[in-house]
$ cat input.cif   # mmCIF, C-alpha atoms
data_start
#
loop_
_atom_site.group_PDB
_atom_site.id
_atom_site.type_symbol
_atom_site.label_atom_id
_atom_site.label_comp_id
_atom_site.auth_asym_id
_atom_site.auth_seq_id
_atom_site.Cartn_x
_atom_site.Cartn_y
_atom_site.Cartn_z
ATOM 1 C CA MET A 76 0.000 0.000 0.000
ATOM 2 C CA SER A 77 1.290 3.468 -0.897
ATOM 3 C CA GLU A 78 2.349 5.958 1.748
ATOM 4 C CA PRO A 79 -0.547 8.169 2.982
ATOM 5 C CA VAL A 80 -0.666 11.731 1.684
ATOM 6 C CA LEU A 81 -0.928 12.968 5.266
ATOM 7 C CA ARG A 82 0.163 11.360 8.519
ATOM 8 C CA VAL A 83 -0.436 13.303 11.733
ATOM 9 C CA GLU A 84 1.285 11.918 14.841
ATOM 10 C CA GLU A 85 0.545 13.090 18.402
ATOM 11 C CA LEU A 86 -0.082 16.693 17.331
ATOM 12 C CA ARG A 87 -0.334 19.211 20.173
ATOM 13 C CA THR A 88 -1.242 22.875 19.722
ATOM 14 C CA HIS A 89 -1.419 24.970 22.880
ATOM 15 C CA PHE A 90 -2.289 28.605 23.574
ATOM 16 C CA PHE A 91 -0.343 30.265 26.381
ATOM 17 C CA THR A 92 -2.690 32.873 27.857
ATOM 18 C CA LYS A 93 -2.632 34.906 31.064
ATOM 19 C CA ALA A 94 -5.380 32.664 32.432
ATOM 20 C CA GLY A 95 -3.404 29.502 31.717
ATOM 21 C CA VAL A 96 -2.560 27.026 28.970
ATOM 22 C CA VAL A 97 -5.358 26.113 26.555
ATOM 23 C CA LYS A 98 -4.725 22.684 25.031
ATOM 24 C CA ALA A 99 -6.693 23.302 21.847
ATOM 25 C CA VAL A 100 -5.253 20.229 20.121
ATOM 26 C CA ASP A 101 -4.006 17.509 22.443
ATOM 27 C CA ASP A 102 -2.415 14.285 21.161
ATOM 28 C CA VAL A 103 -4.207 14.074 17.789
ATOM 29 C CA SER A 104 -3.176 11.359 15.319
ATOM 30 C CA PHE A 105 -4.687 10.243 11.999
ATOM 31 C CA ILE A 106 -3.813 9.410 8.401
ATOM 32 C CA VAL A 107 -5.473 10.429 5.128
ATOM 33 C CA ASN A 108 -4.819 8.520 1.917
ATOM 34 C CA ARG A 109 -4.821 9.832 -1.641
ATOM 35 C CA GLY A 110 -8.310 10.291 -3.076
ATOM 36 C CA GLU A 111 -9.877 9.870 0.368
ATOM 37 C CA VAL A 112 -12.187 12.189 2.323
ATOM 38 C CA MET A 113 -11.831 12.237 6.105
ATOM 39 C CA GLY A 114 -14.618 13.839 8.106
ATOM 40 C CA LEU A 115 -13.398 15.639 11.240
ATOM 41 C CA VAL A 116 -16.464 15.988 13.457
ATOM 42 C CA GLY A 117 -17.261 17.608 16.793
ATOM 43 C CA GLU A 118 -19.077 20.370 18.665
ATOM 44 C CA SER A 119 -17.927 23.981 18.523
ATOM 45 C CA GLY A 120 -14.738 24.318 20.561
ATOM 46 C CA SER A 121 -13.739 20.681 20.135
ATOM 47 C CA GLY A 122 -10.493 21.642 18.348
ATOM 48 C CA LYS A 123 -11.340 20.516 14.825
ATOM 49 C CA SER A 124 -10.771 23.902 13.129
ATOM 50 C CA MET A 125 -7.611 24.467 15.166
ATOM 51 C CA THR A 126 -6.347 21.111 13.882
ATOM 52 C CA GLY A 127 -6.866 22.367 10.328
ATOM 53 C CA TYR A 128 -5.075 25.654 11.032
ATOM 54 C CA SER A 129 -2.202 23.703 12.596
ATOM 55 C CA LEU A 130 -1.824 21.642 9.415
ATOM 56 C CA MET A 131 -1.648 24.867 7.394
ATOM 57 C CA GLY A 132 0.842 26.526 9.744
ATOM 58 C CA LEU A 133 -1.657 29.304 10.535
ATOM 59 C CA ILE A 134 -1.315 29.352 14.318
ATOM 60 C CA ASP A 135 -0.597 32.851 15.632
ATOM 61 C CA PRO A 136 0.780 33.815 19.076
ATOM 62 C CA PRO A 137 0.020 33.124 21.856
ATOM 63 C CA GLY A 138 -0.584 29.753 20.236
ATOM 64 C CA ARG A 139 2.039 27.387 18.917
ATOM 65 C CA ILE A 140 2.538 23.752 18.006
ATOM 66 C CA VAL A 141 4.360 22.212 20.970
ATOM 67 C CA GLY A 142 4.624 18.578 19.912
ATOM 68 C CA GLY A 143 3.998 15.908 17.313
ATOM 69 C CA ARG A 144 4.626 15.586 13.598
ATOM 70 C CA ILE A 145 2.692 16.550 10.457
ATOM 71 C CA LEU A 146 4.041 14.433 7.604
ATOM 72 C CA LEU A 147 2.968 15.450 4.095
ATOM 73 C CA ASP A 148 4.308 12.764 1.754
ATOM 74 C CA GLY A 149 6.938 12.077 4.406
ATOM 75 C CA ILE A 150 7.985 15.723 4.885
ATOM 76 C CA ASP A 151 7.480 17.128 8.392
ATOM 77 C CA VAL A 152 5.891 20.511 7.677
ATOM 78 C CA ILE A 153 6.391 21.658 11.285
ATOM 79 C CA LYS A 154 10.133 21.843 10.583
ATOM 80 C CA LEU A 155 9.762 23.943 7.425
ATOM 81 C CA SER A 156 10.875 27.577 7.401
ATOM 82 C CA GLY A 157 8.350 30.368 6.978
ATOM 83 C CA GLU A 158 9.198 30.776 3.296
ATOM 84 C CA GLU A 159 9.000 27.024 2.657
ATOM 85 C CA MET A 160 5.594 26.918 4.342
ATOM 86 C CA ARG A 161 4.343 29.816 2.207
ATOM 87 C CA GLN A 162 5.417 27.950 -0.929
ATOM 88 C CA MET A 163 3.523 24.866 0.257
ATOM 89 C CA ARG A 164 0.275 26.716 1.066
ATOM 90 C CA GLY A 165 -1.972 27.018 -1.961
ATOM 91 C CA ASN A 166 0.353 24.718 -3.874
ATOM 92 C CA ARG A 167 0.556 21.313 -2.182
ATOM 93 C CA VAL A 168 -1.894 22.128 0.626
ATOM 94 C CA ALA A 169 -4.985 24.313 0.213
ATOM 95 C CA MET A 170 -7.718 25.419 2.591
ATOM 96 C CA ILE A 171 -11.358 26.295 1.953
ATOM 97 C CA PHE A 172 -12.798 28.497 4.702
ATOM 98 C CA GLN A 173 -16.367 28.656 5.989
ATOM 99 C CA ASP A 174 -16.647 32.261 4.782
ATOM 100 C CA PRO A 175 -15.460 32.583 1.161
ATOM 101 C CA MET A 176 -14.668 36.248 1.773
ATOM 102 C CA MET A 177 -11.741 35.059 3.914
ATOM 103 C CA THR A 178 -10.310 33.815 0.598
ATOM 104 C CA LEU A 179 -11.573 36.491 -1.798
ATOM 105 C CA ASN A 180 -10.457 40.133 -1.866
ATOM 106 C CA PRO A 181 -13.601 42.269 -2.364
ATOM 107 C CA VAL A 182 -11.803 44.984 -4.371
ATOM 108 C CA LEU A 183 -10.078 42.720 -6.914
ATOM 109 C CA ARG A 184 -11.609 40.987 -9.911
ATOM 110 C CA ILE A 185 -11.850 37.218 -9.806
ATOM 111 C CA ASP A 186 -9.374 36.761 -12.669
ATOM 112 C CA THR A 187 -6.765 38.911 -10.883
ATOM 113 C CA GLN A 188 -7.041 36.836 -7.715
ATOM 114 C CA MET A 189 -6.949 33.488 -9.497
ATOM 115 C CA ILE A 190 -4.054 34.408 -11.771
ATOM 116 C CA GLU A 191 -2.041 35.643 -8.766
ATOM 117 C CA ALA A 192 -2.633 32.293 -7.047
ATOM 118 C CA ILE A 193 -1.270 30.481 -10.112
ATOM 119 C CA VAL A 194 1.818 32.590 -10.892
ATOM 120 C CA ALA A 195 2.843 32.571 -7.205
ATOM 121 C CA HIS A 196 3.674 28.880 -7.592
ATOM 122 C CA ARG A 197 4.170 28.284 -11.324
ATOM 123 C CA LYS A 198 6.119 29.872 -14.143
ATOM 124 C CA VAL A 199 3.362 30.307 -16.734
ATOM 125 C CA SER A 200 2.333 33.114 -19.053
ATOM 126 C CA ALA A 201 -0.581 35.389 -18.209
ATOM 127 C CA GLY A 202 -2.574 33.847 -21.066
ATOM 128 C CA ASP A 203 -2.036 30.313 -19.808
ATOM 129 C CA ALA A 204 -2.894 31.369 -16.259
ATOM 130 C CA HIS A 205 -6.105 32.969 -17.507
ATOM 131 C CA ALA A 206 -7.054 29.761 -19.324
ATOM 132 C CA MET A 207 -6.327 27.694 -16.197
ATOM 133 C CA ALA A 208 -8.520 30.006 -14.117
ATOM 134 C CA ALA A 209 -11.422 29.704 -16.567
ATOM 135 C CA ALA A 210 -11.059 25.914 -16.608
ATOM 136 C CA ALA A 211 -11.112 25.818 -12.789
ATOM 137 C CA LEU A 212 -14.339 27.841 -12.669
ATOM 138 C CA SER A 213 -15.909 25.542 -15.225
ATOM 139 C CA LYS A 214 -14.874 22.493 -13.200
ATOM 140 C CA VAL A 215 -16.808 23.690 -10.139
ATOM 141 C CA GLY A 216 -19.937 24.334 -12.175
ATOM 142 C CA ILE A 217 -19.853 28.099 -12.743
ATOM 143 C CA PRO A 218 -21.584 28.936 -16.056
ATOM 144 C CA SER A 219 -19.929 31.250 -18.588
ATOM 145 C CA PRO A 220 -16.565 31.128 -16.784
ATOM 146 C CA GLU A 221 -14.827 33.488 -19.220
ATOM 147 C CA GLU A 222 -17.386 36.208 -18.478
ATOM 148 C CA ARG A 223 -17.464 35.583 -14.715
ATOM 149 C CA LEU A 224 -13.683 35.965 -14.452
ATOM 150 C CA SER A 225 -14.057 39.720 -14.995
ATOM 151 C CA ALA A 226 -16.612 40.034 -12.158
ATOM 152 C CA TYR A 227 -15.999 41.121 -8.568
ATOM 153 C CA PRO A 228 -16.887 38.927 -5.546
ATOM 154 C CA HIS A 229 -19.953 41.045 -4.632
ATOM 155 C CA GLN A 230 -21.457 40.179 -8.018
ATOM 156 C CA PHE A 231 -21.688 36.500 -7.041
ATOM 157 C CA SER A 232 -24.196 34.805 -4.750
ATOM 158 C CA GLY A 233 -22.939 33.139 -1.561
ATOM 159 C CA GLY A 234 -22.969 29.723 -3.204
ATOM 160 C CA MET A 235 -21.114 31.000 -6.253
ATOM 161 C CA ARG A 236 -18.486 32.708 -4.089
ATOM 162 C CA GLN A 237 -17.895 29.416 -2.293
ATOM 163 C CA ARG A 238 -17.488 27.682 -5.651
ATOM 164 C CA VAL A 239 -14.889 30.292 -6.612
ATOM 165 C CA ALA A 240 -13.062 29.663 -3.316
ATOM 166 C CA ILE A 241 -13.068 25.927 -4.079
ATOM 167 C CA ALA A 242 -11.790 26.622 -7.610
ATOM 168 C CA ILE A 243 -8.906 28.695 -6.187
ATOM 169 C CA ALA A 244 -8.069 25.851 -3.777
ATOM 170 C CA LEU A 245 -7.910 23.419 -6.704
ATOM 171 C CA LEU A 246 -5.907 25.670 -9.070
ATOM 172 C CA ASN A 247 -2.492 24.176 -8.368
ATOM 173 C CA LYS A 248 -3.738 20.586 -7.964
ATOM 174 C CA PRO A 249 -2.861 20.271 -4.253
ATOM 175 C CA ASP A 250 -2.167 16.941 -2.601
ATOM 176 C CA LEU A 251 -4.294 17.906 0.404
ATOM 177 C CA ILE A 252 -7.403 20.094 0.729
ATOM 178 C CA ILE A 253 -8.657 21.180 4.161
ATOM 179 C CA ALA A 254 -12.303 22.279 4.050
ATOM 180 C CA ASP A 255 -13.415 24.086 7.215
ATOM 181 C CA GLU A 256 -17.231 23.880 7.221
ATOM 182 C CA PRO A 257 -17.438 25.433 3.730
ATOM 183 C CA THR A 258 -21.160 24.723 3.228
ATOM 184 C CA THR A 259 -22.530 25.666 6.670
ATOM 185 C CA ALA A 260 -23.885 29.079 5.630
ATOM 186 C CA LEU A 261 -25.416 27.857 2.356
ATOM 187 C CA ASP A 262 -28.920 26.625 1.657
ATOM 188 C CA VAL A 263 -29.483 22.886 1.326
ATOM 189 C CA THR A 264 -29.732 22.862 -2.484
ATOM 190 C CA ILE A 265 -26.433 24.703 -2.984
ATOM 191 C CA GLN A 266 -24.837 22.618 -0.246
ATOM 192 C CA GLY A 267 -25.775 19.432 -2.081
ATOM 193 C CA GLN A 268 -24.337 20.738 -5.339
ATOM 194 C CA ILE A 269 -21.020 21.684 -3.729
ATOM 195 C CA LEU A 270 -20.734 18.333 -1.935
ATOM 196 C CA TYR A 271 -21.313 16.560 -5.249
ATOM 197 C CA GLU A 272 -18.677 18.697 -6.970
ATOM 198 C CA MET A 273 -16.165 18.012 -4.179
ATOM 199 C CA GLN A 274 -16.703 14.250 -4.389
ATOM 200 C CA LYS A 275 -16.270 14.320 -8.150
ATOM 201 C CA LEU A 276 -13.172 16.533 -8.019
ATOM 202 C CA THR A 277 -11.590 14.347 -5.334
ATOM 203 C CA ARG A 278 -12.018 11.275 -7.523
ATOM 204 C CA GLU A 279 -10.695 13.096 -10.597
ATOM 205 C CA THR A 280 -7.646 14.731 -8.995
ATOM 206 C CA GLY A 281 -6.746 12.112 -6.366
ATOM 207 C CA ALA A 282 -6.401 14.832 -3.721
ATOM 208 C CA ALA A 283 -6.877 13.921 -0.060
ATOM 209 C CA VAL A 284 -9.557 15.957 1.718
ATOM 210 C CA ILE A 285 -10.166 16.749 5.383
ATOM 211 C CA TRP A 286 -13.774 17.933 5.742
ATOM 212 C CA ILE A 287 -14.258 19.752 9.057
ATOM 213 C CA THR A 288 -17.888 19.906 10.150
ATOM 214 C CA HIS A 289 -20.425 19.474 12.938
ATOM 215 C CA ASP A 290 -23.043 18.205 10.457
ATOM 216 C CA LEU A 291 -23.175 14.414 10.596
ATOM 217 C CA SER A 292 -25.515 14.214 7.594
ATOM 218 C CA VAL A 293 -22.820 15.828 5.440
ATOM 219 C CA VAL A 294 -20.218 13.368 6.707
ATOM 220 C CA ALA A 295 -22.510 10.403 6.038
ATOM 221 C CA GLY A 296 -22.792 11.272 2.363
ATOM 222 C CA LEU A 297 -19.259 12.497 1.757
ATOM 223 C CA ALA A 298 -16.591 10.930 3.960
ATOM 224 C CA ASP A 299 -14.719 7.638 3.615
ATOM 225 C CA GLN A 300 -13.489 7.763 7.206
ATOM 226 C CA VAL A 301 -14.495 9.769 10.262
ATOM 227 C CA SER A 302 -12.604 11.122 13.267
ATOM 228 C CA VAL A 303 -14.698 12.467 16.148
ATOM 229 C CA MET A 304 -13.129 15.184 18.345
ATOM 230 C CA TYR A 305 -13.989 16.258 21.877
ATOM 231 C CA ALA A 306 -12.085 18.715 24.082
ATOM 232 C CA GLY A 307 -9.040 18.789 21.801
ATOM 233 C CA ARG A 308 -8.731 15.007 21.408
ATOM 234 C CA ILE A 309 -9.926 12.445 18.905
ATOM 235 C CA VAL A 310 -12.230 10.082 20.794
ATOM 236 C CA GLU A 311 -13.278 7.768 17.960
ATOM 237 C CA GLN A 312 -11.978 6.864 14.516
ATOM 238 C CA GLY A 313 -13.052 4.477 11.804
ATOM 239 C CA THR A 314 -14.752 4.228 8.445
ATOM 240 C CA ALA A 315 -17.889 6.305 8.000
ATOM 241 C CA GLU A 316 -19.927 3.106 8.025
ATOM 242 C CA GLN A 317 -18.376 1.971 11.309
ATOM 243 C CA VAL A 318 -18.524 5.265 13.213
ATOM 244 C CA LEU A 319 -21.966 6.351 12.014
ATOM 245 C CA GLY A 320 -23.485 2.878 11.791
ATOM 246 C CA ARG A 321 -22.151 1.448 15.046
ATOM 247 C CA PRO A 322 -20.614 4.163 17.234
ATOM 248 C CA ARG A 323 -18.607 2.855 20.170
ATOM 249 C CA HIS A 324 -17.915 6.075 22.113
ATOM 250 C CA PRO A 325 -20.805 7.505 24.202
ATOM 251 C CA TYR A 326 -20.089 10.992 22.812
ATOM 252 C CA THR A 327 -20.448 9.810 19.199
ATOM 253 C CA ARG A 328 -23.666 8.040 20.161
ATOM 254 C CA GLY A 329 -24.908 11.271 21.739
ATOM 255 C CA LEU A 330 -24.143 13.275 18.598
ATOM 256 C CA LEU A 331 -26.062 10.813 16.440
ATOM 257 C CA ASP A 332 -29.017 10.656 18.834
ATOM 258 C CA SER A 333 -29.344 14.451 18.714
ATOM 259 C CA VAL A 334 -29.904 14.476 14.931
ATOM 260 C CA PRO A 335 -33.617 15.260 14.339
ATOM 261 C CA ALA A 336 -33.930 12.660 11.560
ATOM 262 C CA ASN A 337 -32.921 9.930 14.011
ATOM 263 C CA ASN A 338 -35.799 10.739 16.383
ATOM 264 C CA ALA A 339 -39.440 9.657 16.172
ATOM 265 C CA ARG A 340 -41.847 12.236 14.787
ATOM 266 C CA GLY A 341 -43.304 14.315 17.612
ATOM 267 C CA ALA A 342 -40.830 13.024 20.203
ATOM 268 C CA ARG A 343 -38.584 15.374 22.167
ATOM 269 C CA LEU A 344 -35.119 15.670 20.712
ATOM 270 C CA LYS A 345 -32.421 13.886 22.636
ATOM 271 C CA GLN A 346 -29.484 15.952 23.789
ATOM 272 C CA ILE A 347 -26.143 15.477 25.456
ATOM 273 C CA PRO A 348 -26.479 16.814 29.030
ATOM 274 C CA GLY A 349 -24.219 19.550 30.338
ATOM 275 C CA MET A 350 -21.714 21.706 28.492
ATOM 276 C CA THR A 351 -18.347 21.149 26.878
ATOM 277 C CA PRO A 352 -15.727 21.751 29.620
ATOM 278 C CA SER A 353 -13.390 24.712 29.406
ATOM 279 C CA LEU A 354 -10.054 23.743 27.879
ATOM 280 C CA LEU A 355 -8.469 25.884 30.621
ATOM 281 C CA ASP A 356 -9.913 23.663 33.319
ATOM 282 C CA LEU A 357 -10.447 20.136 32.018
ATOM 283 C CA PRO A 358 -11.582 17.570 34.602
ATOM 284 C CA PRO A 359 -9.076 14.814 35.418
ATOM 285 C CA GLY A 360 -9.359 11.637 33.405
ATOM 286 C CA CYS A 361 -11.855 11.424 30.556
ATOM 287 C CA PRO A 362 -13.065 14.972 29.748
ATOM 288 C CA PHE A 363 -16.494 13.607 28.766
ATOM 289 C CA ARG A 364 -17.156 11.708 31.994
ATOM 290 C CA GLU A 365 -19.194 14.453 33.676
ATOM 291 C CA ARG A 366 -21.671 14.342 30.773
ATOM 292 C CA CYS A 367 -21.583 10.574 30.242
ATOM 293 C CA SER A 368 -24.265 8.198 31.543
ATOM 294 C CA TYR A 369 -21.815 5.288 31.270
ATOM 295 C CA ALA A 370 -19.098 6.863 33.438
ATOM 296 C CA GLN A 371 -17.610 4.796 36.260
ATOM 297 C CA SER A 372 -14.911 5.360 38.853
ATOM 298 C CA ASP A 373 -12.074 4.308 36.533
ATOM 299 C CA CYS A 374 -13.031 7.127 34.143
ATOM 300 C CA ALA A 375 -11.029 9.392 36.474
ATOM 301 C CA ARG A 376 -8.013 7.925 34.661
ATOM 302 C CA THR A 377 -7.168 9.341 31.235
ATOM 303 C CA PRO A 378 -8.252 6.821 28.574
ATOM 304 C CA LEU A 379 -5.925 5.858 25.739
ATOM 305 C CA MET A 380 -6.879 5.309 22.119
ATOM 306 C CA ARG A 381 -7.345 1.589 21.561
ATOM 307 C CA PRO A 382 -8.404 -0.510 18.575
ATOM 308 C CA LEU A 383 -11.699 -2.384 18.776
ATOM 309 C CA THR A 384 -12.329 -3.830 15.325
ATOM 310 C CA ALA A 385 -10.436 -3.615 12.045
ATOM 311 C CA GLY A 386 -10.114 0.092 11.300
ATOM 312 C CA GLN A 387 -12.147 1.354 14.274
ATOM 313 C CA SER A 388 -10.636 2.672 17.505
ATOM 314 C CA VAL A 389 -11.964 4.540 20.528
ATOM 315 C CA ARG A 390 -10.645 6.573 23.476
ATOM 316 C CA CYS A 391 -12.899 5.168 26.212
ATOM 317 C CA HIS A 392 -12.688 2.834 29.232
ATOM 318 C CA HIS A 393 -16.205 1.535 28.592
ATOM 319 C CA PRO A 394 -16.931 1.477 24.840
ATOM 320 C CA LEU A 395 -20.474 0.706 23.787
ATOM 321 C CA ALA A 396 -21.253 -2.829 22.668
#

$ encode --input "input.cif" --output "structure tokens"
Amino acid sequence: MSEPVLRVEELRTHFFTKAGVVKAVDDVSFIVNRGEVMGLVGESGSGKSMTGYSLMGLIDPPGRIVGGRILLDGIDVIKLSGEEMRQMRGNRVAMIFQDPMMTLNPVLRIDTQMIEAIVAHRKVSAGDAHAMAAAALSKVGIPSPEERLSAYPHQFSGGMRQRVAIAIALLNKPDLIIADEPTTALDVTIQGQILYEMQKLTRETGAAVIWITHDLSVVAGLADQVSVMYAGRIVEQGTAEQVLGRPRHPYTRGLLDSVPANNARGARLKQIPGMTPSLLDLPPGCPFRERCSYAQSDCARTPLMRPLTAGQSVRCHHPLA
């Protein structure tokens, strides 16, 4: 079997604040293979977006990566210089943000922004770059791409702007795409179209994708494998069929039970009791134990990630049957 595109080993990203150390990402490990989509799932504040920013080298003070390795085709990107990391971003690794205006400059035409993204990493003529930009817009389903290249971001709808952001991410045929909840603010119809385009483009280009989301229905239809995060740690991993079809961690079970479609019509929605603990003051042992109906005395000890079945593992002393 070929080497994974991305191998993350014991990644730790901490923020050193006046109030204390926030362990935003704490001992996170996973692999993503070429042409594969990994869903990274969890509540707000679970650390999933911070994991994505860590992979891109976008952690600003007072935060920093304090441990672990991020191996992209065997190269540890944590050890790269600032200039080397800038050359890798947008070239071998690209990120799609939740708000496309974090990618697009409102005062520049679309063709200017796309051509700049190409010539920053390739030695091509302006004409060739223009043709590549038009082809990228066409690939993500934007009609009349030659005409739309001369438009400004405000002349596009929200869904169209997100398609442009995806096209920019794909311009230089990256090995890895990190998508941070890129369809959350879009209506269901546009969301479905973008998910379809991403699946098709992943198959065509062979890029590995990390899809960061809290929406389990999106993961069910898109991801090959799923990693569930809670309080800065991955608590369950496996194929989408394993994790969503037979969850073994009580937190994953709670997330699935809270989906309206999984509840009987007219019945009260199930919810996970309590609140996510502050990362400044995590309880000893399993951070989920104060919200868990399966917790026992040994949950005061920190659980380790352990394999259960082929491809599925869980960080829990008492995994569900």

$ residues_around --input "input.cif" --residues "segment 255-270 of chain A" --least-positions-apart "3" --cutoff "6 Å" --atoms "only C-alpha atoms" --output "PyMOL selection string"
chain A and resi 172-173+273+287-288

$ residues_around --input "input.cif" --residues "Ala375 of chain A" --least-positions-apart "5" --cutoff "7 Å" --atoms "all atoms listed in the file" --output "PyMOL selection string"
chain A and resi 359-361

$ resolve_selection --input "input.cif" --expression "the PyMOL selection byres ((chain A and resi 275) around 12)" --output "PyMOL selection string"
chain A and resi 110-112+214-216+268-274+276-282+297

$ resolve_selection --input "input.cif" --expression "the PyMOL selection byres ((chain A and resi 162) around 12)" --output "PyMOL selection string"
chain A and resi 131-132+152+155-161+163-169+192-197+247+249

$ resolve_selection --input "input.cif" --expression "the PyMOL selection byres ((chain A and resi 327) around 10)" --output "PyMOL selection string"
chain A and resi 116-117+302-305+310-311+318-319+321-326+328-332

$ write_last_selection --input "input.cif" --atoms "C-alpha atoms" --output "PDB file, in the frame of the given file"
ATOM      1  CA  VAL A 116     -16.464  15.988  13.457  1.00  0.00           C
ATOM      2  CA  GLY A 117     -17.261  17.608  16.793  1.00  0.00           C
ATOM      3  CA  SER A 302     -12.604  11.122  13.267  1.00  0.00           C
ATOM      4  CA  VAL A 303     -14.698  12.467  16.148  1.00  0.00           C
ATOM      5  CA  MET A 304     -13.129  15.184  18.345  1.00  0.00           C
ATOM      6  CA  TYR A 305     -13.989  16.258  21.877  1.00  0.00           C
ATOM      7  CA  VAL A 310     -12.230  10.082  20.794  1.00  0.00           C
ATOM      8  CA  GLU A 311     -13.278   7.768  17.960  1.00  0.00           C
ATOM      9  CA  VAL A 318     -18.524   5.265  13.213  1.00  0.00           C
ATOM     10  CA  LEU A 319     -21.966   6.351  12.014  1.00  0.00           C
ATOM     11  CA  ARG A 321     -22.151   1.448  15.046  1.00  0.00           C
ATOM     12  CA  PRO A 322     -20.614   4.163  17.234  1.00  0.00           C
ATOM     13  CA  ARG A 323     -18.607   2.855  20.170  1.00  0.00           C
ATOM     14  CA  HIS A 324     -17.915   6.075  22.113  1.00  0.00           C
ATOM     15  CA  PRO A 325     -20.805   7.505  24.202  1.00  0.00           C
ATOM     16  CA  TYR A 326     -20.089  10.992  22.812  1.00  0.00           C
ATOM     17  CA  ARG A 328     -23.666   8.040  20.161  1.00  0.00           C
ATOM     18  CA  GLY A 329     -24.908  11.271  21.739  1.00  0.00           C
ATOM     19  CA  LEU A 330     -24.143  13.275  18.598  1.00  0.00           C
ATOM     20  CA  LEU A 331     -26.062  10.813  16.440  1.00  0.00           C
ATOM     21  CA  ASP A 332     -29.017  10.656  18.834  1.00  0.00           C
TER      22      ASP A 332
END

$ residues_around --input "input.cif" --residues "Ser129 of chain A" --least-positions-apart "6" --cutoff "12 Å" --atoms "all atoms listed in the file" --output "PDB file with C-alpha atoms, keeping the file's coordinate frame"
ATOM      1  CA  VAL A  83      -0.436  13.303  11.733  1.00  0.00           C
ATOM      2  CA  LEU A  86      -0.082  16.693  17.331  1.00  0.00           C
ATOM      3  CA  ARG A  87      -0.334  19.211  20.173  1.00  0.00           C
ATOM      4  CA  THR A  88      -1.242  22.875  19.722  1.00  0.00           C
ATOM      5  CA  HIS A  89      -1.419  24.970  22.880  1.00  0.00           C
ATOM      6  CA  ALA A  99      -6.693  23.302  21.847  1.00  0.00           C
ATOM      7  CA  VAL A 100      -5.253  20.229  20.121  1.00  0.00           C
ATOM      8  CA  ASP A 101      -4.006  17.509  22.443  1.00  0.00           C
ATOM      9  CA  VAL A 103      -4.207  14.074  17.789  1.00  0.00           C
ATOM     10  CA  GLY A 122     -10.493  21.642  18.348  1.00  0.00           C
ATOM     11  CA  LYS A 123     -11.340  20.516  14.825  1.00  0.00           C
ATOM     12  CA  ASP A 135      -0.597  32.851  15.632  1.00  0.00           C
ATOM     13  CA  GLY A 138      -0.584  29.753  20.236  1.00  0.00           C
ATOM     14  CA  ARG A 139       2.039  27.387  18.917  1.00  0.00           C
ATOM     15  CA  ILE A 140       2.538  23.752  18.006  1.00  0.00           C
ATOM     16  CA  VAL A 141       4.360  22.212  20.970  1.00  0.00           C
ATOM     17  CA  GLY A 142       4.624  18.578  19.912  1.00  0.00           C
ATOM     18  CA  GLY A 143       3.998  15.908  17.313  1.00  0.00           C
ATOM     19  CA  ARG A 144       4.626  15.586  13.598  1.00  0.00           C
ATOM     20  CA  ILE A 145       2.692  16.550  10.457  1.00  0.00           C
ATOM     21  CA  VAL A 152       5.891  20.511   7.677  1.00  0.00           C
ATOM     22  CA  ILE A 153       6.391  21.658  11.285  1.00  0.00           C
ATOM     23  CA  MET A 160       5.594  26.918   4.342  1.00  0.00           C
ATOM     24  CA  MET A 170      -7.718  25.419   2.591  1.00  0.00           C
ATOM     25  CA  ILE A 253      -8.657  21.180   4.161  1.00  0.00           C
TER      26      ILE A 253
END

$ atom_distance --input "input.cif" --atom1 "atom CA of Pro352 of chain A" --atom2 "atom CA of Glu365 of chain A"
9.0 Å

$ residues_around --input "input.cif" --residues "Val301 of chain A" --least-positions-apart "3" --cutoff "7 Å" --atoms "only C-alpha atoms" --output "JSON, numbers by chain"
{"A": [113, 114, 115, 298, 312, 313, 314, 315, 318]}

$ closest_residue --input "input.cif" --among "A:Ser353, A:Arg308, A:Ser292, A:Gly341" --to "Cys391 of chain A" --atoms "only C-alpha atoms"
A:Arg308

$ atom_distance --input "input.cif" --atom1 "atom CA of Met177 of chain A" --atom2 "atom CA of Gly233 of chain A"
12.6 Å

$ axis_aligned_box --input "input.cif" --around "segment 266-269 of chain A" --padding-each-side "4 Å" --output "AutoDock Vina command-line options"
--center_x -23.4 --center_y 21.0 --center_z -2.8 --size_x 12.8 --size_y 11.2 --size_z 13.1

$ residues_around --input "input.cif" --residues "Val97 of chain A" --least-positions-apart "3" --cutoff "8 Å" --atoms "all atoms listed in the file" --output "number ranges by chain"
A: 89-92, 354-355

$ write_last_selection --input "input.cif" --atoms "C-alpha atoms" --output "compact mmCIF listing (two decimals), in the coordinates of the input"
# COMPACT_ATOMS: atom_id res chain seq x y z
CA HIS A 89 -1.42 24.97 22.88
CA PHE A 90 -2.29 28.60 23.57
CA PHE A 91 -0.34 30.26 26.38
CA THR A 92 -2.69 32.87 27.86
CA LEU A 354 -10.05 23.74 27.88
CA LEU A 355 -8.47 25.88 30.62

$ closest_residue --input "input.cif" --among "A:Val96, A:Leu146, A:Glu221, A:His392" --to "Asp373 of chain A" --atoms "all atoms listed in the file"
A:His392

$ atom_distance --input "input.cif" --atom1 "atom CA of Arg390 of chain A" --atom2 "atom CA of Ile309 of chain A"
7.5 Å
